[in-house]
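Peer 1: Quick one: structure below, then a few questions.
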Amino acid sequence: MNAEIKALACELPATTGVPLSRWSCAELARELVGRGVVAAISAATIWRFLVCDAIRPWFHRSWIAPRDPNFAAKAAVVLDLYAGTFEGKALGDKEFVICADYPEQPVMPS
């Protein structure tokens with residue numbers, strides 16, 4: 001079971017159809033139960049298994065390396081806005097760019 005937990009934690013959630021950028025312990029627990037690997041398991045137990053492992057690929061920020069083939073085109077729009085242009089035209093005196101980023105939250109058992 002421990003090996004299956006680690007193997008799933010190393011998979012990108014998108015390969016299983018889960019719309020997440022990375023697994024949380026609660027999502028791993030739900031997926032393991034759904035696959036029939038275990039009848040029940042808590043997020044805290046998942047955390048205890050993973051935190052003790054020497055190889056921790058689930059700690060890496062997989063979202064930093066974009067996987068979207070259209071990433072450059074999508075990012076160009078945002079970068080242009082930060083440069084003060086939209087669709088090749090300069091923003092007017094009364095046009096503003098507002099950015100609202102949320103701070104990253106640690107993935108903890110829930």
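Order determines the names: the first chain of the structure tokens is A, the second B, and so forth; residues in each chain are numbered 1 upward, and ligands are numbered 1 upward as they are shown.
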Give me the residues near Glu27 in chain A as number ranges by chain, where near means some atom within 12 Å (using only C-alpha atoms) and where sequence neighbours in that chain fewer than 3 positions away do not count.
Peer 2: A: 5, 8-9, 13, 16, 18-24, 30-34, 41-44, 46-47, 107-110
Peer 1: Hey, can you check how far CA of Gly88 in chain A sits from CA of Asn70 in chain A?
Peer 2: 19.2 Å
Peer 1: So how far away is CA of Asp68 in chain A from CA of Leu12 in chain A, in Å?
Peer 2: 13.8 Å
